[in-house]
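Below is one structure, written out as C-alpha cells, with a few remarks after it.
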Amino acid sequence: MTTVRAAVFELLRAHGVTTVFGNPGSTELPFLQDFPDDFRYVLGLQEAVVVGMADGFAQATGATAFVNLHTAPGVGNAMGAILNAAANHTPMVVTAGQQVRAMVTMEALLTNVDATLLPRPAVKWAYEPPRAQDVPAALARAFHMAETAPRGPVFLSLPMDDFDVELDEAEAAAAREVARRHVTDATAADEPAIEALARRLDAAVNPVLVTGGSVDAEGAWDAAVALAERRGLPVWASPVEGRVGFPEDHPHYRGVLPPALAPLARTLEGHDLVLVVGAPVFRYYPYVAGPVLPEGAELVLLTSDPGEAARAPAGDALVAGLRPTLERLTELVRKADGPAPVARQEPPAQAPSEPMSAVTALAAVASAAPPETLWVNESPSSLQAFRELIRVGRPGSFLTTTGGGLGFGLAAAVGAQLGRPERPVVAVIGDGSAQYAITALWTAAACRAPVTFVIPANREYAILKWFGRFENTPGVPGLDLPGLDLCALARGYGVTAHRATDAAHLAELVAAATAATDGPVLIEAPVTTVPPTL
C-alpha cells in the first residue's frame, strides 16, 4: 500500500521538485526516512540560511522552492528570511514537523502550539491538515497557492506520525489526482482596459515607464523593452527592487529612482503620464516629505498583485499578468516618431586610493566578472554605486532583497548557484551583512558551489551611520565592527579566501575565481565608504 510519505514524494516529483532545503530535527526524521536517490537534500546550518538559499534558488530558476524546518523553533529562527521571501514574491513551500498527533493536545515537548499562526503574516497561507490522509491534498494546494499571483511563501505544519500512515485505494487515487493538477493564472487585462491605457499613452506628451522586479520574475523583460522602444519611453527602475526589470545598458534606461517621496517626484518632473509595471507605488525609505507625483502628472500601475494595486497612494491600476498585457499594449500604441533617447553616460573613472574606495572596488569587480554573471548584492552602503557601475543587461541576472532584513545575500547566492550551475555567481556582500548568514559558507563548501563572494569590508555599519547623519541622531552605539576577519571565517568553513591589496589585485582575484569550477572563493576587499545620495 502507498504511505503518505510515498505520496508526498510522488507529488513533489510531479511538480518538478527534487531539491529539499532543510535543517532537520527529530520531528522531521519520519519525512526524511529512506530519502529517495533522485532527490537532493541541501543542508543549512541555521534555518534563516536554509530559507535564504531556497529564496535564491527559486528566483534563479523560476521554480517553487521546497523547505523543511524543525517545528516551532526552526520556523522562529527562519522568520526574518521568510519575511524577505514574501517581500521578494518568491514561490516557496515551507514545511515544518509537528509533534505526534496523540501528544499535541497535551503540548508535549516540540509541539508547535499554534502552528498556523506562527508564520503569519509573512506567508500567504498556513495550514495543518486535520488527518494524515489529507497531507497530499494540502501539499498540492500549497504549491498552487505559492505559484499564483501574487507569488510568495506558504506554510504547512506536518505531524511527524503522518508519514507512515498507509492510504487505502481511494485515498491513494485521490493523492495521484491532486499530484496531476496544474493551475495557470498568467492572464492579460481585459481588452477595453488595455485599449484605454493605449489611448492614454498615445495622448501623453511625455510619458515615462517605471519597471520593477516582477517584470523579470514574470518573464516580461522583452515585452517591457518592446513597449519602451515602440512608444519611445524613457525607463526608470522602481526603488528598492530585488530584481532588474529592464536592461540597464539600454539607451532608454535612465537609472534607479530615489526611494523617498520628494526626490522621486522631482526626478519625474516633466512627465505627464507615469506607467509603473511590476512594482509597488513606491517602496520608500527614508521619509522625505513631498508629493507622490510631480504636479500635473498622472499614474497607471500594472501589477499582478492586488495588494499593490489597492494600497497605491495615487493613480489607477490594472491587476493582470504583466507579459501578456504588455505584449497586447505594445500592439495597440502608436509608434513614436521622435528621436530615440540618448544613452546615459558611463560613470567617471575613479582615481586610485589607499585603501580602495567602495566605488573603486566595485569598478574592479565589474571589469573582471564575465558578462553572463548572475549578481547577488547585500552591501547596503554601496548598492547605489553597484547599480551605477554594474549595469545588468540580461534577465535573471540580479538579486537582492526587498524585505529590508539582512542575511539574504550570502545564502541566496549559494541557492542561486545550485539552481543555475551553468552561470558564474558573484555575490557582493558587506562585511556586516555577511555575519547574518555566515554559515552559508559551509553549505557552499560542502556542495562545492563555485560562488565568488566579494566582501567590501569597511568595518562598520556604514549605511546606519549614513542614516544617523540623515536623521540627525548622533551618539548611536554599536555601529563599528572592529576585529572581523572574513578570510579566517571563510577558511574555517572550508572556503578558499584571499584579501585584495588594491584594485588590480581585486580584479585579478575575481577573474580567477569566476573561471574556477571547483568550489567557492571569498575575496575580502578593505574599502572606504562612499555614502549614498538621495
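Letters A, B, ... mark the chains of the C-alpha cells in the order given; residue numbers begin at 1 per chain; ligand numbers begin at 1, in order shown.
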Would you please give, as a PyMOL selection string, all residues of range 308-477 of chain A that DSSP assigns to strand (DSSP E) based on the backbone?
-> chain A and resi 316-319+356-357+374-378+398-399+425-429+451-457
Excluding same-chain residues fewer than 4 positions from range 224-232 of chain A, what lies within 10 Å of it counting only C-alpha atoms, as a PyMOL selection string?
-> chain A and resi 201-202+206-211+215-216+219-220+245-247+250-253+277+322-323+326-341
Extract, using only C-alpha atoms, all DNA, RNA and protein residues at most 6 Å from range 122-135 of chain A, discarding same-chain residues fewer than 5 positions from it, and format them as JSON, numbers by chain.
-> {"A": [83, 86, 116, 153, 154, 155, 156, 157, 162]}
Include N, CA, C and O atoms and write out the residues we just selected as a compact mmCIF listing (two decimals), in the first residue's frame.
# COMPACT_ATOMS: atom_id res chain seq x y z
N LEU A 83 10.11 36.52 5.84
CA LEU A 83 9.64 37.88 5.54
C LEU A 83 10.29 38.41 4.27
O LEU A 83 9.64 39.06 3.44
N ALA A 86 8.69 36.77 1.29
CA ALA A 86 7.38 37.35 1.00
C ALA A 86 7.52 38.66 0.24
O ALA A 86 6.81 38.91 -0.75
N THR A 116 -0.24 27.37 12.70
CA THR A 116 -0.60 28.19 11.54
C THR A 116 -0.54 29.68 11.83
O THR A 116 -0.53 30.49 10.90
N PRO A 153 5.70 32.81 -0.23
CA PRO A 153 5.81 31.60 0.59
C PRO A 153 4.49 31.21 1.23
O PRO A 153 3.66 32.06 1.57
N VAL A 154 4.30 29.90 1.39
CA VAL A 154 3.17 29.33 2.12
C VAL A 154 3.74 28.36 3.15
O VAL A 154 4.92 27.99 3.10
N PHE A 155 2.90 27.92 4.09
CA PHE A 155 3.41 27.11 5.20
C PHE A 155 2.50 25.92 5.48
O PHE A 155 1.26 26.07 5.49
N LEU A 156 3.11 24.76 5.72
CA LEU A 156 2.39 23.57 6.14
C LEU A 156 3.04 22.99 7.39
O LEU A 156 4.26 22.79 7.43
N SER A 157 2.23 22.72 8.39
CA SER A 157 2.67 22.01 9.59
C SER A 157 2.28 20.53 9.42
O SER A 157 1.11 20.22 9.19
N ASP A 162 2.36 11.27 10.68
CA ASP A 162 1.53 11.17 9.48
C ASP A 162 2.18 10.35 8.37
O ASP A 162 1.49 9.72 7.55
Write out as an MDAnalysis selection string which residues come within 9 Å of Gly62 in chain A when counting only C-alpha atoms, dropping same-chain ones fewer than 5 positions away.
-> chainID A and resid 57 90:91 217:218
Can you spit out the residues from that selection as an mmCIF file, in the first residue's frame, using N, CA and C atoms?
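This went into result-v4.cif:
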data_model
loop_
_atom_site.group_PDB
_atom_site.id
_atom_site.type_symbol
_atom_site.label_atom_id
_atom_site.label_comp_id
_atom_site.auth_asym_id
_atom_site.auth_seq_id
_atom_site.Cartn_x
_atom_site.Cartn_y
_atom_site.Cartn_z
ATOM 1 N N PHE A 57 17.483 30.110 -4.869
ATOM 2 C CA PHE A 57 17.233 29.008 -5.808
ATOM 3 C C PHE A 57 15.949 29.247 -6.594
ATOM 4 N N THR A 90 8.654 35.433 -3.705
ATOM 5 C CA THR A 90 9.306 34.176 -4.045
ATOM 6 C C THR A 90 8.361 33.005 -3.825
ATOM 7 N N PRO A 91 8.120 32.178 -4.857
ATOM 8 C CA PRO A 91 7.275 30.997 -4.648
ATOM 9 C C PRO A 91 8.027 29.960 -3.816
ATOM 10 N N ALA A 217 10.641 38.615 -12.879
ATOM 11 C CA ALA A 217 10.116 37.374 -12.306
ATOM 12 C C ALA A 217 9.029 36.752 -13.180
ATOM 13 N N GLU A 218 8.247 37.569 -13.868
ATOM 14 C CA GLU A 218 7.139 37.068 -14.680
ATOM 15 C C GLU A 218 7.494 36.897 -16.151
#
Restricting the calculation to only C-alpha atoms, which member of A:Asp161, A:Ala140, A:Gly407, A:Ala413 is positioned closest to Gln46 in chain A?
-> A:Gly407
Which one is closest to Ala78 in chain A: A:Leu45, A:Leu12, A:Ala58, A:Leu484? Count only C-alpha atoms.
->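 For Ala78 in chain A, the nearest of the given residues is A:Leu45.
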Non-local contacts of Glu295 in chain A (12 Å; only C-alpha atoms; under 4 positions in same chain excluded) as a PDB file with all heavy atoms, in the first residue's frame:
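Heads up, here's the output in around-v2.pdb:
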ATOM      1  N   ALA A 262       9.833  63.144  -1.918  1.00  0.00           N
ATOM      2  CA  ALA A 262      10.174  64.379  -2.611  1.00  0.00           C
ATOM      3  C   ALA A 262      11.210  64.168  -3.711  1.00  0.00           C
ATOM      4  O   ALA A 262      11.027  64.640  -4.849  1.00  0.00           O
ATOM      5  CB  ALA A 262      10.640  65.436  -1.604  1.00  0.00           C
ATOM      6  N   ALA A 265       9.591  62.361  -6.754  1.00  0.00           N
ATOM      7  CA  ALA A 265       8.699  63.224  -7.534  1.00  0.00           C
ATOM      8  C   ALA A 265       9.502  64.225  -8.364  1.00  0.00           C
ATOM      9  O   ALA A 265       9.158  64.505  -9.523  1.00  0.00           O
ATOM     10  CB  ALA A 265       7.743  63.949  -6.595  1.00  0.00           C
ATOM     11  N   ARG A 266      10.587  64.769  -7.797  1.00  0.00           N
ATOM     12  CA  ARG A 266      11.424  65.709  -8.554  1.00  0.00           C
ATOM     13  C   ARG A 266      12.048  65.020  -9.769  1.00  0.00           C
ATOM     14  O   ARG A 266      12.157  65.610 -10.847  1.00  0.00           O
ATOM     15  CB  ARG A 266      12.533  66.276  -7.664  1.00  0.00           C
ATOM     16  CG  ARG A 266      12.064  67.329  -6.677  1.00  0.00           C
ATOM     17  CD  ARG A 266      13.248  68.116  -6.128  1.00  0.00           C
ATOM     18  NE  ARG A 266      14.204  67.260  -5.425  1.00  0.00           N
ATOM     19  CZ  ARG A 266      14.144  67.001  -4.121  1.00  0.00           C
ATOM     20  NH1 ARG A 266      13.171  67.518  -3.384  1.00  0.00           N
ATOM     21  NH2 ARG A 266      15.059  66.246  -3.553  1.00  0.00           N
ATOM     22  N   LEU A 268      10.838  62.734 -11.585  1.00  0.00           N
ATOM     23  CA  LEU A 268       9.843  62.514 -12.638  1.00  0.00           C
ATOM     24  C   LEU A 268       9.214  63.802 -13.168  1.00  0.00           C
ATOM     25  O   LEU A 268       8.273  63.748 -13.965  1.00  0.00           O
ATOM     26  CB  LEU A 268       8.745  61.580 -12.117  1.00  0.00           C
ATOM     27  CG  LEU A 268       9.180  60.146 -11.791  1.00  0.00           C
ATOM     28  CD1 LEU A 268       8.007  59.349 -11.229  1.00  0.00           C
ATOM     29  CD2 LEU A 268       9.773  59.440 -13.004  1.00  0.00           C
ATOM     30  N   GLU A 269       9.719  64.946 -12.746  1.00  0.00           N
ATOM     31  CA  GLU A 269       9.167  66.219 -13.232  1.00  0.00           C
ATOM     32  C   GLU A 269       9.271  66.308 -14.760  1.00  0.00           C
ATOM     33  O   GLU A 269      10.262  65.874 -15.353  1.00  0.00           O
ATOM     34  CB  GLU A 269       9.899  67.389 -12.578  1.00  0.00           C
ATOM     35  CG  GLU A 269       9.459  67.648 -11.145  1.00  0.00           C
ATOM     36  CD  GLU A 269      10.197  68.819 -10.514  1.00  0.00           C
ATOM     37  OE1 GLU A 269      11.141  69.338 -11.156  1.00  0.00           O
ATOM     38  OE2 GLU A 269       9.845  69.209  -9.384  1.00  0.00           O
ATOM     39  N   GLY A 270       8.246  66.846 -15.361  1.00  0.00           N
ATOM     40  CA  GLY A 270       8.204  66.986 -16.809  1.00  0.00           C
ATOM     41  C   GLY A 270       7.437  65.878 -17.510  1.00  0.00           C
ATOM     42  O   GLY A 270       7.100  66.007 -18.690  1.00  0.00           O
ATOM     43  N   HIS A 271       7.169  64.799 -16.787  1.00  0.00           N
ATOM     44  CA  HIS A 271       6.386  63.699 -17.366  1.00  0.00           C
ATOM     45  C   HIS A 271       4.913  63.866 -16.991  1.00  0.00           C
ATOM     46  O   HIS A 271       4.587  64.157 -15.834  1.00  0.00           O
ATOM     47  CB  HIS A 271       6.904  62.355 -16.866  1.00  0.00           C
ATOM     48  CG  HIS A 271       8.304  62.050 -17.321  1.00  0.00           C
ATOM     49  ND1 HIS A 271       8.610  61.796 -18.635  1.00  0.00           N
ATOM     50  CD2 HIS A 271       9.473  61.978 -16.625  1.00  0.00           C
ATOM     51  CE1 HIS A 271       9.911  61.567 -18.744  1.00  0.00           C
ATOM     52  NE2 HIS A 271      10.463  61.670 -17.544  1.00  0.00           N
ATOM     53  N   ASP A 272       4.037  63.668 -17.965  1.00  0.00           N
ATOM     54  CA  ASP A 272       2.609  63.836 -17.695  1.00  0.00           C
ATOM     55  C   ASP A 272       1.889  62.520 -17.456  1.00  0.00           C
ATOM     56  O   ASP A 272       0.765  62.500 -16.966  1.00  0.00           O
ATOM     57  CB  ASP A 272       1.924  64.614 -18.820  1.00  0.00           C
ATOM     58  CG  ASP A 272       2.138  63.992 -20.192  1.00  0.00           C
ATOM     59  OD1 ASP A 272       3.083  63.180 -20.331  1.00  0.00           O
ATOM     60  OD2 ASP A 272       1.385  64.326 -21.125  1.00  0.00           O
ATOM     61  N   LEU A 273       2.531  61.379 -17.791  1.00  0.00           N
ATOM     62  CA  LEU A 273       1.950  60.071 -17.517  1.00  0.00           C
ATOM     63  C   LEU A 273       3.068  59.121 -17.079  1.00  0.00           C
ATOM     64  O   LEU A 273       4.059  58.957 -17.801  1.00  0.00           O
ATOM     65  CB  LEU A 273       1.236  59.496 -18.742  1.00  0.00           C
ATOM     66  CG  LEU A 273       0.598  58.113 -18.551  1.00  0.00           C
ATOM     67  CD1 LEU A 273      -0.494  58.151 -17.481  1.00  0.00           C
ATOM     68  CD2 LEU A 273       0.040  57.573 -19.869  1.00  0.00           C
ATOM     69  N   GLY A 290       6.888  65.034   0.747  1.00  0.00           N
ATOM     70  CA  GLY A 290       6.692  65.525  -0.604  1.00  0.00           C
ATOM     71  C   GLY A 290       5.540  64.795  -1.267  1.00  0.00           C
ATOM     72  O   GLY A 290       4.970  63.855  -0.706  1.00  0.00           O
ATOM     73  N   PRO A 291       5.187  65.189  -2.482  1.00  0.00           N
ATOM     74  CA  PRO A 291       4.096  64.529  -3.202  1.00  0.00           C
ATOM     75  C   PRO A 291       4.553  63.204  -3.789  1.00  0.00           C
ATOM     76  O   PRO A 291       5.742  62.945  -3.957  1.00  0.00           O
ATOM     77  CB  PRO A 291       3.760  65.536  -4.312  1.00  0.00           C
ATOM     78  CG  PRO A 291       5.076  66.220  -4.584  1.00  0.00           C
ATOM     79  CD  PRO A 291       5.774  66.307  -3.254  1.00  0.00           C
ATOM     80  N   LEU A 299      -0.775  58.701 -13.143  1.00  0.00           N
ATOM     81  CA  LEU A 299      -0.070  57.421 -12.976  1.00  0.00           C
ATOM     82  C   LEU A 299      -1.021  56.264 -13.238  1.00  0.00           C
ATOM     83  O   LEU A 299      -2.191  56.312 -12.849  1.00  0.00           O
ATOM     84  CB  LEU A 299       0.515  57.324 -11.563  1.00  0.00           C
ATOM     85  CG  LEU A 299       1.321  56.072 -11.213  1.00  0.00           C
ATOM     86  CD1 LEU A 299       2.480  56.424 -10.280  1.00  0.00           C
ATOM     87  CD2 LEU A 299       0.463  54.992 -10.563  1.00  0.00           C
TER      88      LEU A 299
END
Name the residues in contact with Pro421 in chain A at a cut-off of 12 Å, using only C-alpha atoms, excluding same-chain residues fewer than 5 positions from it; report them as a PyMOL selection string.
-> chain A and resi 57+60-61+373-374+413-416+447-451+517-519
Sorted by chain and rising residue number, which residues of range 465-507 of chain A lie within 9 Å of range 353-361 of chain A, and what are their closest atom pairs and distances in Å to one decimal, counting only C-alpha atoms, as CSV?
residue,atom,partner,partner_atom,distance
A:Thr501,CA,A:Pro355,CA,8.3
A:Asp502,CA,A:Met356,CA,6.6
A:Ala503,CA,A:Ala361,CA,5.9
A:Leu506,CA,A:Ala361,CA,7.3
A:Ala507,CA,A:Ala361,CA,8.5
Skip Gly25 in chain A itself and residues of its chain fewer than 2 positions away, then list as a PyMOL selection string all residues within 8 Å of it, counting only C-alpha atoms.
-> chain A and resi 23+27-29+69-71
Selection file, N, CA and C atoms, as a PDB file, in the first residue's frame:
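So again-v7.pdb came out as:
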ATOM      1  N   ASN A  23      17.033  21.920   7.556  1.00  0.00           N
ATOM      2  CA  ASN A  23      17.864  21.706   8.740  1.00  0.00           C
ATOM      3  C   ASN A  23      17.043  20.790   9.638  1.00  0.00           C
ATOM      4  N   THR A  27      11.522  15.945  14.762  1.00  0.00           N
ATOM      5  CA  THR A  27      10.164  15.893  14.214  1.00  0.00           C
ATOM      6  C   THR A  27      10.149  15.794  12.694  1.00  0.00           C
ATOM      7  N   GLU A  28      11.311  15.942  12.057  1.00  0.00           N
ATOM      8  CA  GLU A  28      11.389  15.862  10.594  1.00  0.00           C
ATOM      9  C   GLU A  28      11.948  14.519  10.126  1.00  0.00           C
ATOM     10  N   LEU A  29      12.500  13.735  11.036  1.00  0.00           N
ATOM     11  CA  LEU A  29      13.126  12.474  10.633  1.00  0.00           C
ATOM     12  C   LEU A  29      12.170  11.522   9.928  1.00  0.00           C
ATOM     13  N   LEU A  69      11.672  22.603   7.817  1.00  0.00           N
ATOM     14  CA  LEU A  69      12.234  23.174   9.039  1.00  0.00           C
ATOM     15  C   LEU A  69      11.823  22.357  10.252  1.00  0.00           C
ATOM     16  N   HIS A  70      12.437  22.684  11.373  1.00  0.00           N
ATOM     17  CA  HIS A  70      12.220  21.930  12.605  1.00  0.00           C
ATOM     18  C   HIS A  70      11.168  22.605  13.477  1.00  0.00           C
ATOM     19  N   THR A  71       9.960  22.160  13.405  1.00  0.00           N
ATOM     20  CA  THR A  71       8.824  22.568  14.211  1.00  0.00           C
ATOM     21  C   THR A  71       8.882  24.068  14.572  1.00  0.00           C
TER      22      THR A  71
END
Please, which residues of range 325-435 of chain A, numbered as in this document, come out helix (DSSP H, G or I) from DSSP, as a ChimeraX atom specification?
-> /A:325-332,358-368,380-389,408-419,431-435
How far is it from CA of Lys465 in chain A to CA of Pro380 in chain A, in Å with one decimal?
->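 The value is 11.5 Å.
Nearest-residue note for Arg40 in chain A: choosing from A:Ala6, A:Ala385, A:Leu418, A:Val426, the minimum distance belongs to A:Leu418, counting only C-alpha atoms.
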Out of A:Ala444, A:Val49, A:Val527, A:Leu43, which residue has the shortest atom-to-atom distance to Arg491 in chain A when counting only C-alpha atoms?
-> A:Ala444
